[in-house]
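**Student:** Below is the structure I would like to discuss, written out as structure tokens.
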Amino acid sequence: MSRVYNFSAGPAVLPEEVLQAAADEMMDYQGCGMSVMEMSHRSKVYDQIIKEAEADLRDLMNIPDNYKVLFLQGGASQFFAEVPMNMMKNKKAGYIITGQWAKKAYQEAKIYGEAVELASSADETFSYIPDCSDLPITDDMDYVYICENNTIYGTKFKTLPNTKGKILVSDVSSCFLSEPIDVTKYGVVYGGVQKNIGPAGVVIAIIREDLITDDVLPGTPTMLKWKTQADNDSLYNTPPCYGIYICGKVFKWLKKMGGLEVMKQRNEEKAKVLYDFLDESKLFKGTVRPEDRSLMNVPFVTGDADLDAKFVKEAEAAGFVNLKGHRSVGGMRASIYNAMPKEGVEKLVAFMKKFEEENA
Ligand SMILES: *Cc1c(COP(=O)(O)O)cnc(C)c1O
């Protein structure tokens, strides 16, 4: 077996321990003679898998009792529509545009009501987080929406915006479980799991109970109404069973690692190795304002598109894969999620140093 260092932005690297455990249980899950993929989602065995996953997530994130945890499908992109469908009582909401994912959510919301751009960092290719201390939030807005970690551009909200008392909705797809958060500061925290938690096909949404009601926009499909999912403990229909099972294994791995405080520390140390090198390198440069840098996604460039391409190609040959930047930014991007070992980043930096010497 030969594993590469996978810097993909998503679907992304998973802990080897988790993959191995899933492989061991593939043919026969704990003596039931079948794979988790083959069992009824209404079975006792599966009920324990999904209940335990929820309990472990609640434990990891310290989720208060007045928040529901939903395991959903449709990706984060479908949730862009679910937010206005379930929350736009006044048909008006504020969006902070910090990149493509925030913009897509904003455009989706416009289908359902008045989505107002409260702030944007589009003027500098989303390379920073705008000042959100005094936004033009009006009383009639149903919520304020952010994308907390911007996967493509490599920025992260280090402090949450001042929502002036309005409900905060946050897409945490690419920073989910990378550090502790205070769930009580949000109305809704959600994300697709394929960045930092598990296989594509699962969205986890943590929603304050009072926001889950029958009062949704007319025409909201049954499946997209949070109340349907909450009343049925995410088992209204067949959930993405296998994906949830893998997420559950990752939650157990995170607990074993010491929880989110420990992950935060590890992620900070790991990111520092790369950022410190980018700050001293004469060839490579980070593209993000230092104070807004993400711990998870690190975009960088040489300033020369041909050299960038050469780097990506040689890196791949050396076992460092998926380093090509998003097509809208160019250059490179190293995604260094929870499951990327520090050693992977150290070896990448050693490779970058060598490339810099060879191409000086
Ligand atoms: C990847 C990503 C999305 C889109 O996720 P899908 O599951 O593909 O719909 C949305 N938001 C953020 C922050 C992402 O990183």
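Note on naming: chains are A, B, ... as they come in the structure tokens, residues start from 1 per chain, ligands start from 1 in the order shown.
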Using only C-alpha atoms and all ligand atoms, find each protein or nucleic acid residue lying at most 9 Å from ligand 1; present the set as an NGL selection string.
**Tutor:** :A and (9-11 or 73-80 or 99-102 or 104-105 or 147-152 or 171-175 or 191-195 or 200-203)
**Student:** Would you mind listing what lies within 8 Å of Tyr106 (chain A) as a VMD selection string, with only C-alpha atoms counted and same-chain residues fewer than 2 positions away left out?
**Tutor:** chain A and resid 80 95 97 102 to 104 108 to 110 115 117
**Student:** I'd like the contact shell of Gly113 (chain A) - 10 Å cut-off, only C-alpha atoms, skipping same-chain residues fewer than 2 positions apart - returned as a list in words.
**Tutor:** Pro84, Met85, Met88, Lys89, Asn90, Lys91, Lys92, Ala93, Glu108, Ala109, Lys110, Ile111, Ala115, Val116 and Leu217 of chain A
**Student:** Could you save the residues just selected, with all heavy atoms, as a short mmCIF file (atom, residue, chain, number, x, y, z; two decimals), in the first residue's frame?
**Tutor:**
```cif
data_model
loop_
_atom_site.label_atom_id
_atom_site.label_comp_id
_atom_site.auth_asym_id
_atom_site.auth_seq_id
_atom_site.Cartn_x
_atom_site.Cartn_y
_atom_site.Cartn_z
N PRO A 84 -32.88 30.30 3.46
CA PRO A 84 -34.01 31.22 3.25
C PRO A 84 -35.37 30.52 3.33
O PRO A 84 -36.32 31.10 3.90
CB PRO A 84 -33.77 31.79 1.85
CG PRO A 84 -32.75 30.93 1.21
CD PRO A 84 -31.95 30.31 2.31
N MET A 85 -35.50 29.33 2.80
CA MET A 85 -36.79 28.63 2.85
C MET A 85 -37.31 28.48 4.28
O MET A 85 -38.49 28.62 4.54
CB MET A 85 -36.67 27.23 2.25
CG MET A 85 -36.68 27.22 0.74
SD MET A 85 -36.37 25.53 0.18
CE MET A 85 -36.81 25.69 -1.53
N MET A 88 -36.59 32.85 6.21
CA MET A 88 -36.96 34.18 5.72
C MET A 88 -38.42 34.51 6.01
O MET A 88 -39.26 34.51 5.11
CB MET A 88 -36.69 34.29 4.22
CG MET A 88 -35.33 34.88 3.90
SD MET A 88 -35.26 35.33 2.15
CE MET A 88 -33.62 36.06 2.06
N LYS A 89 -38.71 34.82 7.26
CA LYS A 89 -40.09 35.18 7.63
C LYS A 89 -40.42 36.56 7.08
O LYS A 89 -41.51 36.80 6.60
CB LYS A 89 -40.26 35.19 9.15
CG LYS A 89 -39.57 34.06 9.91
CD LYS A 89 -40.25 32.72 9.73
CE LYS A 89 -39.45 31.64 10.46
NZ LYS A 89 -39.72 30.30 10.05
N ASN A 90 -39.45 37.49 7.17
CA ASN A 90 -39.65 38.85 6.64
C ASN A 90 -39.14 38.99 5.21
O ASN A 90 -39.12 40.08 4.65
CB ASN A 90 -38.89 39.87 7.48
CG ASN A 90 -39.54 40.09 8.81
OD1 ASN A 90 -40.75 40.08 8.92
ND2 ASN A 90 -38.72 40.28 9.83
N LYS A 91 -38.67 37.88 4.67
CA LYS A 91 -38.13 37.87 3.30
C LYS A 91 -36.98 38.83 3.11
O LYS A 91 -36.84 39.48 2.07
CB LYS A 91 -39.24 38.18 2.30
CG LYS A 91 -40.33 37.13 2.30
CD LYS A 91 -40.78 36.88 0.88
CE LYS A 91 -41.74 35.72 0.83
NZ LYS A 91 -42.04 35.31 -0.50
N LYS A 92 -36.14 38.94 4.16
CA LYS A 92 -34.98 39.83 4.03
C LYS A 92 -33.85 39.32 4.92
O LYS A 92 -34.07 38.96 6.07
CB LYS A 92 -35.38 41.24 4.44
CG LYS A 92 -34.32 42.28 4.12
CD LYS A 92 -34.86 43.69 4.30
CE LYS A 92 -33.78 44.72 4.12
NZ LYS A 92 -34.25 46.07 4.45
N ALA A 93 -32.65 39.27 4.37
CA ALA A 93 -31.51 38.80 5.15
C ALA A 93 -30.22 39.45 4.67
O ALA A 93 -30.14 39.92 3.53
CB ALA A 93 -31.39 37.28 5.04
N GLU A 108 -28.46 32.45 -4.16
CA GLU A 108 -29.55 31.50 -3.95
C GLU A 108 -30.66 32.16 -3.12
O GLU A 108 -31.84 32.00 -3.41
CB GLU A 108 -29.02 30.25 -3.24
CG GLU A 108 -29.97 29.07 -3.23
CD GLU A 108 -30.14 28.40 -4.59
OE1 GLU A 108 -29.34 28.65 -5.50
OE2 GLU A 108 -31.11 27.61 -4.72
N ALA A 109 -30.26 32.90 -2.10
CA ALA A 109 -31.25 33.54 -1.22
C ALA A 109 -32.10 34.55 -1.98
O ALA A 109 -33.28 34.76 -1.67
CB ALA A 109 -30.54 34.23 -0.05
N LYS A 110 -31.50 35.15 -3.01
CA LYS A 110 -32.23 36.14 -3.81
C LYS A 110 -33.43 35.53 -4.53
O LYS A 110 -34.35 36.26 -4.92
CB LYS A 110 -31.29 36.75 -4.85
CG LYS A 110 -30.37 37.78 -4.28
CD LYS A 110 -29.58 38.42 -5.41
CE LYS A 110 -28.91 39.68 -4.91
NZ LYS A 110 -28.22 40.37 -6.00
N ILE A 111 -33.42 34.24 -4.73
CA ILE A 111 -34.56 33.57 -5.35
C ILE A 111 -35.79 33.69 -4.44
O ILE A 111 -36.92 33.75 -4.90
CB ILE A 111 -34.24 32.08 -5.61
CG1 ILE A 111 -33.07 31.94 -6.58
CG2 ILE A 111 -35.47 31.32 -6.13
CD1 ILE A 111 -32.57 30.50 -6.76
N ALA A 115 -32.01 39.58 -0.48
CA ALA A 115 -30.71 39.31 0.14
C ALA A 115 -29.86 40.57 -0.02
O ALA A 115 -29.69 41.06 -1.12
CB ALA A 115 -30.04 38.11 -0.52
N VAL A 116 -29.38 41.07 1.11
CA VAL A 116 -28.64 42.33 1.10
C VAL A 116 -27.16 42.05 1.33
O VAL A 116 -26.80 41.33 2.27
CB VAL A 116 -29.16 43.26 2.23
CG1 VAL A 116 -28.39 44.57 2.26
CG2 VAL A 116 -30.65 43.50 2.06
N LEU A 217 -41.32 29.05 3.93
CA LEU A 217 -41.83 29.69 2.72
C LEU A 217 -42.76 28.72 1.98
O LEU A 217 -42.49 27.51 1.95
CB LEU A 217 -40.69 30.11 1.81
CG LEU A 217 -39.77 31.21 2.32
CD1 LEU A 217 -38.79 31.64 1.21
CD2 LEU A 217 -40.54 32.43 2.82
#
```
**Student:** Let me make sure I understand: among A:Gly319, A:Gly187, A:Pro180, A:Gly94, which one has the smallest atom-to-atom distance to Leu168 (chain A) if we use only C-alpha atoms?
**Tutor:** A:Gly187
**Student:** Write out as a compact mmCIF listing (two decimals) with C-alpha atoms, in the first residue's frame each polymer residue whose atoms come within 12 Å of Thr184 (chain A), counting only C-alpha atoms; drop sequence neighbours fewer than 3 positions from it.
**Tutor:**
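What ended up in part39.txt:
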```
# COMPACT_ATOMS: atom_id res chain seq x y z
CA MET A 61 -18.67 20.57 20.13
CA ASN A 62 -20.38 20.98 23.47
CA ILE A 63 -23.72 21.47 21.71
CA PRO A 64 -26.44 22.73 24.09
CA ASP A 65 -29.70 20.76 24.49
CA ASN A 66 -31.75 23.45 22.75
CA TYR A 67 -29.95 22.78 19.46
CA ILE A 167 -29.43 35.42 14.19
CA LEU A 168 -26.08 34.30 12.80
CA VAL A 169 -26.02 31.55 10.17
CA ILE A 181 -16.58 27.09 18.65
CA GLY A 187 -28.61 30.18 15.22
CA VAL A 188 -27.43 27.75 12.57
CA VAL A 189 -24.02 26.14 12.04
CA ILE A 206 -26.76 22.31 14.10
CA ILE A 207 -29.88 24.42 14.48
CA ARG A 208 -31.37 26.24 17.47
CA GLU A 209 -34.72 24.64 18.22
```
**Student:** Here is a test: counting only C-alpha atoms, which residue of A:Lys44, A:Lys282, A:Lys68, A:Arg3 is nearest to Gly303 (chain A)?
**Tutor:**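 Among the listed residues, the smallest separation from Gly303 (chain A) belongs to A:Lys282.
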**Student:** Name all residues at most 6 Å from Phe284 (chain A) (count only C-alpha atoms; drop same-chain ones fewer than 5 positions away) and give them as a ChimeraX atom specification.
**Tutor:** /A:278,301-302
**Student:** Quick one: write out the picked residues with N, CA and C atoms as a CSV table (one decimal), in the first residue's frame?
**Tutor:**
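This is the output file result-v3.csv:
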```csv
chain,number,residue,atom,x,y,z
A,278,LEU,N,6.4,30.5,3.9
A,278,LEU,CA,5.9,31.5,2.9
A,278,LEU,C,6.4,32.9,3.2
A,301,VAL,N,1.4,31.5,-4.3
A,301,VAL,CA,1.8,31.7,-5.7
A,301,VAL,C,3.3,31.9,-5.8
A,302,THR,N,3.8,31.7,-7.0
A,302,THR,CA,5.2,32.2,-7.3
A,302,THR,C,5.2,33.5,-8.0
```
**Student:** Counting only C-alpha atoms, which of A:Cys132, A:Val273, A:Ile204, A:Leu283 gets nearest to Leu295 (chain A)?
**Tutor:**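 The shortest atom-to-atom distance to Leu295 (chain A) comes from A:Val273.
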**Student:** Please identify the strand (DSSP E or B) residues within region 137-189 of chain A (assignment by DSSP from backbone atoms) and present them as a PyMOL selection string.
**Tutor:** chain A and resi 144-147+149-150+155-156+168-171+188-189
**Student:** For Glu291 (chain A), which residue out of A:Ala309, A:Lys156, A:Arg266, A:Ser8 is the nearest one, using only C-alpha atoms?
**Tutor:**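 Result for the nearest residue to Glu291 (chain A): A:Lys156.
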